[in-house]
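Encoded as structure tokens, the structure appears first; notes follow it.
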Amino acid sequence: MRISARADYAVRAALQLAAAREAEPLKAEAIADAQDIPHKFLEGILNDMRRGGLVVSQRGGNGGYRLAKPAESISIADVVRIVDGPLVSVRGVRPPELSYTGPAESLLPLWVALRANVRQILEGVSLADVASAELPVRVSDLAEDPASWTNP
């Protein structure tokens, strides 16, 4: 699985908003500066997140962006899907829509299992979890395994 720059920036921007909590809305420039995200690129991401219902925007001198709902109810998967579409696809197609024959037949359950694992992780972690540095035990356990940090 590849996490695009767009998805990485979107999650980081959402985390900046989650950390702000009920404070005044954050301006796009402030988010961009805090997370070292190109401002123009971030504007497009925030617009996608607004259209997707994850953030709301407020105009005016005190305007900016804030989360549309509590950070506890927004998963990392929600953010990634809004800006990048399905979490796992093969050649741009979702695994259940694929079919293989012959020796490649068992590829389909492999892709489906991969998608299930990615979903379990990303749907099981909220913005609040990451912003508070309190990841679920399953995620922490995986990250603490030294083998997780090596590149084969």
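All residue names refer to the structure tokens as shown: chains lettered A, B, ... in order, residues numbered from 1 in each chain, ligands numbered from 1 in order.
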
Distance query region 132-138 of chain A at most 12 Å, only C-alpha atoms, self and fewer than 6 positions along chain excluded, as a ChimeraX atom specification: /A:15-16,18-21,71-72,75-76,117,120-126,144-145

Spatial neighbours of region 52-62 of chain A, 8 Å, only C-alpha atoms, chain gap at least 4 places, as a ChimeraX atom specification: /A:24-25,46,48,66-69,74,79,82

Export all heavy atoms of the chosen residues as a PDB file, in the first residue's frame?
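File written: selection30.pdb
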ATOM      1  N   GLU A  24     -10.794  28.712  18.334  1.00  0.00           N
ATOM      2  CA  GLU A  24     -11.251  29.381  17.125  1.00  0.00           C
ATOM      3  C   GLU A  24     -10.809  28.582  15.907  1.00  0.00           C
ATOM      4  O   GLU A  24      -9.827  27.847  15.960  1.00  0.00           O
ATOM      5  CB  GLU A  24     -10.677  30.791  17.073  1.00  0.00           C
ATOM      6  CG  GLU A  24     -11.257  31.695  18.149  1.00  0.00           C
ATOM      7  CD  GLU A  24     -10.870  33.144  17.950  1.00  0.00           C
ATOM      8  OE1 GLU A  24     -10.404  33.509  16.856  1.00  0.00           O
ATOM      9  OE2 GLU A  24     -11.045  33.902  18.908  1.00  0.00           O
ATOM     10  N   PRO A  25     -11.516  28.762  14.800  1.00  0.00           N
ATOM     11  CA  PRO A  25     -11.120  28.046  13.576  1.00  0.00           C
ATOM     12  C   PRO A  25      -9.681  28.366  13.197  1.00  0.00           C
ATOM     13  O   PRO A  25      -9.185  29.454  13.475  1.00  0.00           O
ATOM     14  CB  PRO A  25     -12.081  28.592  12.520  1.00  0.00           C
ATOM     15  CG  PRO A  25     -13.198  29.230  13.262  1.00  0.00           C
ATOM     16  CD  PRO A  25     -12.654  29.648  14.591  1.00  0.00           C
ATOM     17  N   LEU A  46      -8.306  20.803   1.858  1.00  0.00           N
ATOM     18  CA  LEU A  46      -9.338  21.265   2.797  1.00  0.00           C
ATOM     19  C   LEU A  46     -10.689  21.384   2.104  1.00  0.00           C
ATOM     20  O   LEU A  46     -11.725  21.074   2.699  1.00  0.00           O
ATOM     21  CB  LEU A  46      -8.923  22.595   3.427  1.00  0.00           C
ATOM     22  CG  LEU A  46      -7.777  22.508   4.441  1.00  0.00           C
ATOM     23  CD1 LEU A  46      -7.254  23.905   4.786  1.00  0.00           C
ATOM     24  CD2 LEU A  46      -8.211  21.761   5.692  1.00  0.00           C
ATOM     25  N   ASP A  48     -11.710  19.491  -0.402  1.00  0.00           N
ATOM     26  CA  ASP A  48     -12.196  18.113  -0.515  1.00  0.00           C
ATOM     27  C   ASP A  48     -12.750  17.624   0.818  1.00  0.00           C
ATOM     28  O   ASP A  48     -13.791  16.972   0.872  1.00  0.00           O
ATOM     29  CB  ASP A  48     -11.074  17.168  -0.967  1.00  0.00           C
ATOM     30  CG  ASP A  48     -10.717  17.318  -2.426  1.00  0.00           C
ATOM     31  OD1 ASP A  48     -11.477  17.978  -3.181  1.00  0.00           O
ATOM     32  OD2 ASP A  48      -9.658  16.782  -2.836  1.00  0.00           O
ATOM     33  N   ARG A  66     -12.467  24.055  10.930  1.00  0.00           N
ATOM     34  CA  ARG A  66     -12.520  23.218  12.128  1.00  0.00           C
ATOM     35  C   ARG A  66     -13.147  21.884  11.728  1.00  0.00           C
ATOM     36  O   ARG A  66     -13.762  21.773  10.671  1.00  0.00           O
ATOM     37  CB  ARG A  66     -13.273  23.883  13.266  1.00  0.00           C
ATOM     38  CG  ARG A  66     -14.745  24.092  13.002  1.00  0.00           C
ATOM     39  CD  ARG A  66     -15.465  24.700  14.175  1.00  0.00           C
ATOM     40  NE  ARG A  66     -14.840  25.979  14.491  1.00  0.00           N
ATOM     41  CZ  ARG A  66     -15.186  26.744  15.494  1.00  0.00           C
ATOM     42  NH1 ARG A  66     -16.147  26.388  16.285  1.00  0.00           N
ATOM     43  NH2 ARG A  66     -14.592  27.885  15.698  1.00  0.00           N
ATOM     44  N   LEU A  67     -12.963  20.887  12.565  1.00  0.00           N
ATOM     45  CA  LEU A  67     -13.565  19.582  12.284  1.00  0.00           C
ATOM     46  C   LEU A  67     -15.081  19.698  12.347  1.00  0.00           C
ATOM     47  O   LEU A  67     -15.618  20.436  13.178  1.00  0.00           O
ATOM     48  CB  LEU A  67     -13.076  18.541  13.292  1.00  0.00           C
ATOM     49  CG  LEU A  67     -11.593  18.180  13.226  1.00  0.00           C
ATOM     50  CD1 LEU A  67     -11.246  17.180  14.333  1.00  0.00           C
ATOM     51  CD2 LEU A  67     -11.220  17.618  11.865  1.00  0.00           C
ATOM     52  N   ALA A  68     -15.755  18.949  11.494  1.00  0.00           N
ATOM     53  CA  ALA A  68     -17.211  18.979  11.444  1.00  0.00           C
ATOM     54  C   ALA A  68     -17.840  18.142  12.557  1.00  0.00           C
ATOM     55  O   ALA A  68     -19.008  18.324  12.885  1.00  0.00           O
ATOM     56  CB  ALA A  68     -17.704  18.484  10.084  1.00  0.00           C
ATOM     57  N   LYS A  69     -17.063  17.227  13.126  1.00  0.00           N
ATOM     58  CA  LYS A  69     -17.552  16.397  14.226  1.00  0.00           C
ATOM     59  C   LYS A  69     -16.392  16.085  15.157  1.00  0.00           C
ATOM     60  O   LYS A  69     -15.240  16.381  14.825  1.00  0.00           O
ATOM     61  CB  LYS A  69     -18.234  15.132  13.702  1.00  0.00           C
ATOM     62  CG  LYS A  69     -17.451  14.339  12.696  1.00  0.00           C
ATOM     63  CD  LYS A  69     -18.306  13.247  12.073  1.00  0.00           C
ATOM     64  CE  LYS A  69     -17.538  12.564  10.963  1.00  0.00           C
ATOM     65  NZ  LYS A  69     -18.308  11.521  10.321  1.00  0.00           N
ATOM     66  N   ILE A  74     -13.880  10.483  13.955  1.00  0.00           N
ATOM     67  CA  ILE A  74     -13.302  10.520  12.604  1.00  0.00           C
ATOM     68  C   ILE A  74     -12.093   9.595  12.578  1.00  0.00           C
ATOM     69  O   ILE A  74     -11.121   9.806  13.299  1.00  0.00           O
ATOM     70  CB  ILE A  74     -12.865  11.948  12.213  1.00  0.00           C
ATOM     71  CG1 ILE A  74     -14.063  12.903  12.259  1.00  0.00           C
ATOM     72  CG2 ILE A  74     -12.214  11.942  10.826  1.00  0.00           C
ATOM     73  CD1 ILE A  74     -13.693  14.365  12.037  1.00  0.00           C
ATOM     74  N   VAL A  79     -10.468  10.076   6.553  1.00  0.00           N
ATOM     75  CA  VAL A  79      -9.700  11.159   5.938  1.00  0.00           C
ATOM     76  C   VAL A  79      -9.067  10.684   4.630  1.00  0.00           C
ATOM     77  O   VAL A  79      -9.181  11.353   3.596  1.00  0.00           O
ATOM     78  CB  VAL A  79      -8.620  11.688   6.903  1.00  0.00           C
ATOM     79  CG1 VAL A  79      -7.808  12.797   6.243  1.00  0.00           C
ATOM     80  CG2 VAL A  79      -9.238  12.172   8.211  1.00  0.00           C
ATOM     81  N   ILE A  82     -11.599  10.301   1.780  1.00  0.00           N
ATOM     82  CA  ILE A  82     -12.107  11.576   1.249  1.00  0.00           C
ATOM     83  C   ILE A  82     -11.163  12.139   0.187  1.00  0.00           C
ATOM     84  O   ILE A  82     -11.603  12.647  -0.837  1.00  0.00           O
ATOM     85  CB  ILE A  82     -12.284  12.613   2.388  1.00  0.00           C
ATOM     86  CG1 ILE A  82     -13.447  12.234   3.300  1.00  0.00           C
ATOM     87  CG2 ILE A  82     -12.464  14.035   1.849  1.00  0.00           C
ATOM     88  CD1 ILE A  82     -14.823  12.335   2.688  1.00  0.00           C
TER      89      ILE A  82
END

Filtered DSSP result for chain A, state helix (DSSP H, G or I), as a count of residues only: 89

Neighbours of region 28-34 of chain A within 7 Å (only C-alpha atoms; same-chain residues fewer than 4 positions away dropped), as a compact mmCIF listing (two decimals) with N, CA and C atoms, in the first residue's frame?
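Wrote it out as result-v4.txt, contents follow:
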# COMPACT_ATOMS: atom_id res chain seq x y z
N ALA A 13 -3.24 17.69 8.46
CA ALA A 13 -4.10 18.87 8.61
C ALA A 13 -5.26 18.56 9.56
N GLN A 16 -4.03 18.58 13.05
CA GLN A 16 -3.83 19.95 13.54
C GLN A 16 -5.17 20.53 14.00
N PRO A 38 2.53 22.62 1.58
CA PRO A 38 2.36 23.72 0.63
C PRO A 38 0.95 24.29 0.72
N HIS A 39 0.85 25.61 0.91
CA HIS A 39 -0.45 26.24 1.17
C HIS A 39 -1.48 25.99 0.08
N LEU A 42 -2.72 22.50 0.18
CA LEU A 42 -3.58 22.31 1.35
C LEU A 42 -4.98 22.87 1.10
N GLU A 43 -5.08 23.99 0.42
CA GLU A 43 -6.40 24.58 0.14
C GLU A 43 -7.29 23.58 -0.61
N GLY A 64 -11.83 30.38 9.20
CA GLY A 64 -10.88 29.30 9.08
C GLY A 64 -11.61 27.97 9.01

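Atom to atom, CA of Leu114 (chain A) and CA of Arg94 (chain A) stand 11.6 Å apart.
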
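Our summary of the geometry notes that CA of Asp8 (chain A) is positioned 9.8 Å from CA of Val83 (chain A).
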